[in-house]
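Trainee: Structure below; questions to follow.
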Amino acid sequence: MNTILLKSKIHRAVVTHTQLEYDGSCGIDSDYMKEVDIKPFEQIHIYNLTNGERLITYAIEAEAGSKTISMMGAAAHKASVGDLVIIAAYGSFEERELDEFEPKILRL
């Protein structure tokens with residue numbers, strides 16, 4: 001049996017950009033993605049601390065060092081520039097992996 005655990009989290013990121021006319025995704029500073037091991041096109045959950053909205057989308061890389069958190073496509077309806085969000089990715093782990101696993105968390 002596998003257990004789903006939090007794998008990666010970017011805590012209290014600030015939305016820097018929204019763009020409705022896009023296929024849909026969340027652009028994240030590639031430095032942030034590397035630090036917490038989120039891969040391009042990986043499924044992510046976004047929890048908006050400012051307005052309570054929640055959504056599932058996928059991550060795309062934004063320019064390294066830009067501090068970009070960009071909500072695009074339908075996700076742009078769920079957040080505004082300046083909103084605080086949590087970005088989380090989950091993984092499926094086998095029983096033998098559970099005791100040693102630690103999520104990667106970036107607190108901004």
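Each chain of the structure tokens is named A, B, ... in the order shown, its residues numbered from 1; ligands are numbered from 1 in display order.
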Please report, as a Markdown table, each residue of range 53-102 of chain A lying at most 12 Å from range 15-23 of chain A, together with the nearest pair of atoms and the separation in Å rounded to one decimal; use only C-alpha atoms, and order rows by chain and ascending residue number.
Mentor:
| residue | atom | partner | partner_atom | distance |
| --- | --- | --- | --- | --- |
| A:Thr57 | CA | A:Asp23 | CA | 10.8 |
| A:Tyr58 | CA | A:Asp23 | CA | 10.9 |
| A:Ile60 | CA | A:Asp23 | CA | 11.7 |
| A:Ala62 | CA | A:His17 | CA | 11.2 |
| A:Ser66 | CA | A:Thr16 | CA | 9.8 |
| A:Lys67 | CA | A:Thr16 | CA | 7.9 |
| A:Thr68 | CA | A:Thr16 | CA | 5.7 |
| A:Ile69 | CA | A:Val15 | CA | 4.9 |
| A:Ser70 | CA | A:His17 | CA | 4.5 |
| A:Met71 | CA | A:Thr18 | CA | 4.7 |
| A:Met72 | CA | A:Gln19 | CA | 4.7 |
| A:Gly73 | CA | A:Leu20 | CA | 4.5 |
| A:Ala74 | CA | A:Leu20 | CA | 6.4 |
| A:Ala75 | CA | A:Leu20 | CA | 7.8 |
| A:Ala76 | CA | A:Thr18 | CA | 5.3 |
| A:His77 | CA | A:Leu20 | CA | 7.4 |
| A:Lys78 | CA | A:Thr18 | CA | 9.7 |
| A:Ala79 | CA | A:Val15 | CA | 7.4 |
| A:Ser80 | CA | A:Thr18 | CA | 6.7 |
| A:Val81 | CA | A:Val15 | CA | 5.0 |
| A:Gly82 | CA | A:Val15 | CA | 5.2 |
| A:Asp83 | CA | A:Val15 | CA | 5.4 |
| A:Leu84 | CA | A:Val15 | CA | 6.4 |
| A:Val85 | CA | A:Val15 | CA | 7.2 |
| A:Ile86 | CA | A:Val15 | CA | 10.2 |
| A:Ile87 | CA | A:Val15 | CA | 10.9 |
Trainee: Restricted to C-alpha atoms, what would the selected residues look like written as a tab-separated table (two decimals), in the first residue's frame?
Mentor:
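Saved file result22.tsv follows:
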chain	number	residue	atom	x	y	z
A	57	THR	CA	-2.82	23.11	-11.60
A	58	TYR	CA	0.74	22.44	-12.77
A	60	ILE	CA	6.05	25.94	-15.03
A	62	ALA	CA	9.73	31.31	-14.35
A	66	SER	CA	12.74	36.73	-10.36
A	67	LYS	CA	10.64	35.79	-7.29
A	68	THR	CA	7.79	35.27	-9.76
A	69	ILE	CA	4.59	33.55	-8.69
A	70	SER	CA	2.29	33.90	-11.68
A	71	MET	CA	-1.28	32.61	-11.82
A	72	MET	CA	-2.32	31.97	-15.40
A	73	GLY	CA	-5.43	30.82	-17.22
A	74	ALA	CA	-8.33	29.79	-14.98
A	75	ALA	CA	-6.03	30.06	-11.94
A	76	ALA	CA	-5.99	33.84	-12.52
A	77	HIS	CA	-9.61	33.90	-11.32
A	78	LYS	CA	-8.52	32.46	-7.96
A	79	ALA	CA	-5.81	34.97	-6.99
A	80	SER	CA	-4.81	38.60	-7.33
A	81	VAL	CA	-1.41	40.25	-7.34
A	82	GLY	CA	-0.30	40.58	-3.73
A	83	ASP	CA	-2.21	37.56	-2.43
A	84	LEU	CA	-0.33	35.18	-0.12
A	85	VAL	CA	-0.39	31.55	-1.25
A	86	ILE	CA	0.92	28.16	-0.26
A	87	ILE	CA	2.09	25.96	-3.13
Trainee: Using the chain letters and numbers from this document, which residues of chain A does DSSP assign to helix (DSSP H, G or I), as number ranges by chain?
Mentor: A: 30-36, 73-77, 95-98
Trainee: For the residues in that selection, give me C-alpha atoms as a short mmCIF file (atom, residue, chain, number, x, y, z; two decimals), in the first residue's frame.
Mentor:
data_model
loop_
_atom_site.label_atom_id
_atom_site.label_comp_id
_atom_site.auth_asym_id
_atom_site.auth_seq_id
_atom_site.Cartn_x
_atom_site.Cartn_y
_atom_site.Cartn_z
CA SER A 30 12.88 28.23 -10.98
CA ASP A 31 15.16 28.75 -7.95
CA TYR A 32 12.17 28.12 -5.67
CA MET A 33 11.22 25.03 -7.68
CA LYS A 34 14.71 23.57 -7.41
CA GLU A 35 14.92 24.26 -3.68
CA VAL A 36 11.78 22.24 -2.95
CA GLY A 73 -5.43 30.82 -17.22
CA ALA A 74 -8.33 29.79 -14.98
CA ALA A 75 -6.03 30.06 -11.94
CA ALA A 76 -5.99 33.84 -12.52
CA HIS A 77 -9.61 33.90 -11.32
CA GLU A 95 5.54 1.93 3.55
CA ARG A 96 9.32 1.39 3.72
CA GLU A 97 9.92 5.04 2.73
CA LEU A 98 7.66 6.69 5.31
#
Trainee: Do you have the CA of Glu61 in chain A-CA of Phe41 in chain A distance handy?
Mentor: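 These two atoms are separated by 8.7 Å.
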Trainee: Can you tell me which residues surround Arg54 in chain A at a distance of at most 9 Å, considering only C-alpha atoms, apart from same-chain residues fewer than 4 positions away, and format the answer as a ChimeraX atom specification?
Mentor: /A:45-48,78
Trainee: Find, counting only C-alpha atoms, the residue in A:Ile38, A:Tyr90, A:Leu108, A:Pro103 that gets nearest to Arg12 in chain A.
Mentor: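 Closest candidate: A:Leu108.
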Trainee: Closest to Gly91 in chain A among A:Ile105, A:Leu55, A:Ala13, A:Ile44, using only C-alpha atoms?
Mentor: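 The answer is A:Ile44, which sits nearest to Gly91 in chain A.
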Trainee: Write out as a PDB file with C-alpha atoms, in the first residue's frame the set of residues from range 1-63 of chain A that DSSP, computed on the backbone, places in strand (DSSP E).
Mentor:
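result.pdb written:
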ATOM      1  CA  ASN A   2       1.173   3.535  -0.749  1.00  0.00           C
ATOM      2  CA  THR A   3       0.609   6.644   1.362  1.00  0.00           C
ATOM      3  CA  ILE A   4       0.319  10.141  -0.075  1.00  0.00           C
ATOM      4  CA  LEU A   5       2.471  12.687   1.785  1.00  0.00           C
ATOM      5  CA  LEU A   6       3.413  16.328   1.361  1.00  0.00           C
ATOM      6  CA  LYS A   7       6.579  16.267  -0.786  1.00  0.00           C
ATOM      7  CA  SER A   8       7.256  19.961  -1.406  1.00  0.00           C
ATOM      8  CA  LYS A   9       5.896  23.265  -0.093  1.00  0.00           C
ATOM      9  CA  ILE A  10       6.495  26.936  -0.810  1.00  0.00           C
ATOM     10  CA  HIS A  11       4.947  28.713   2.163  1.00  0.00           C
ATOM     11  CA  ARG A  12       3.554  32.275   2.017  1.00  0.00           C
ATOM     12  CA  ALA A  13       4.618  33.138  -1.510  1.00  0.00           C
ATOM     13  CA  VAL A  14       3.309  36.432  -2.892  1.00  0.00           C
ATOM     14  CA  HIS A  17       1.422  38.364 -11.769  1.00  0.00           C
ATOM     15  CA  THR A  18      -1.863  37.106 -13.185  1.00  0.00           C
ATOM     16  CA  GLN A  19      -2.729  36.432 -16.815  1.00  0.00           C
ATOM     17  CA  SER A  25      -0.679  26.916 -14.920  1.00  0.00           C
ATOM     18  CA  CYS A  26       1.387  28.577 -12.236  1.00  0.00           C
ATOM     19  CA  GLY A  27       4.740  30.139 -13.093  1.00  0.00           C
ATOM     20  CA  ILE A  28       7.208  29.785 -10.217  1.00  0.00           C
ATOM     21  CA  ASP A  29      10.735  31.190  -9.894  1.00  0.00           C
ATOM     22  CA  GLN A  43       0.833  18.816 -10.407  1.00  0.00           C
ATOM     23  CA  ILE A  44       0.620  21.387  -7.620  1.00  0.00           C
ATOM     24  CA  HIS A  45      -2.051  22.466  -5.177  1.00  0.00           C
ATOM     25  CA  ILE A  46      -2.391  26.169  -4.432  1.00  0.00           C
ATOM     26  CA  TYR A  47      -3.987  27.401  -1.213  1.00  0.00           C
ATOM     27  CA  ASN A  48      -4.740  31.126  -1.228  1.00  0.00           C
ATOM     28  CA  ARG A  54      -7.922  26.378  -3.486  1.00  0.00           C
ATOM     29  CA  LEU A  55      -6.989  24.951  -6.855  1.00  0.00           C
ATOM     30  CA  ILE A  56      -4.973  22.280  -8.591  1.00  0.00           C
ATOM     31  CA  THR A  57      -2.816  23.110 -11.605  1.00  0.00           C
ATOM     32  CA  TYR A  58       0.736  22.444 -12.774  1.00  0.00           C
ATOM     33  CA  ALA A  59       4.041  24.235 -12.322  1.00  0.00           C
ATOM     34  CA  ILE A  60       6.047  25.943 -15.032  1.00  0.00           C
ATOM     35  CA  GLU A  61       9.435  27.543 -14.565  1.00  0.00           C
ATOM     36  CA  ALA A  62       9.729  31.306 -14.350  1.00  0.00           C
TER      37      ALA A  62
END
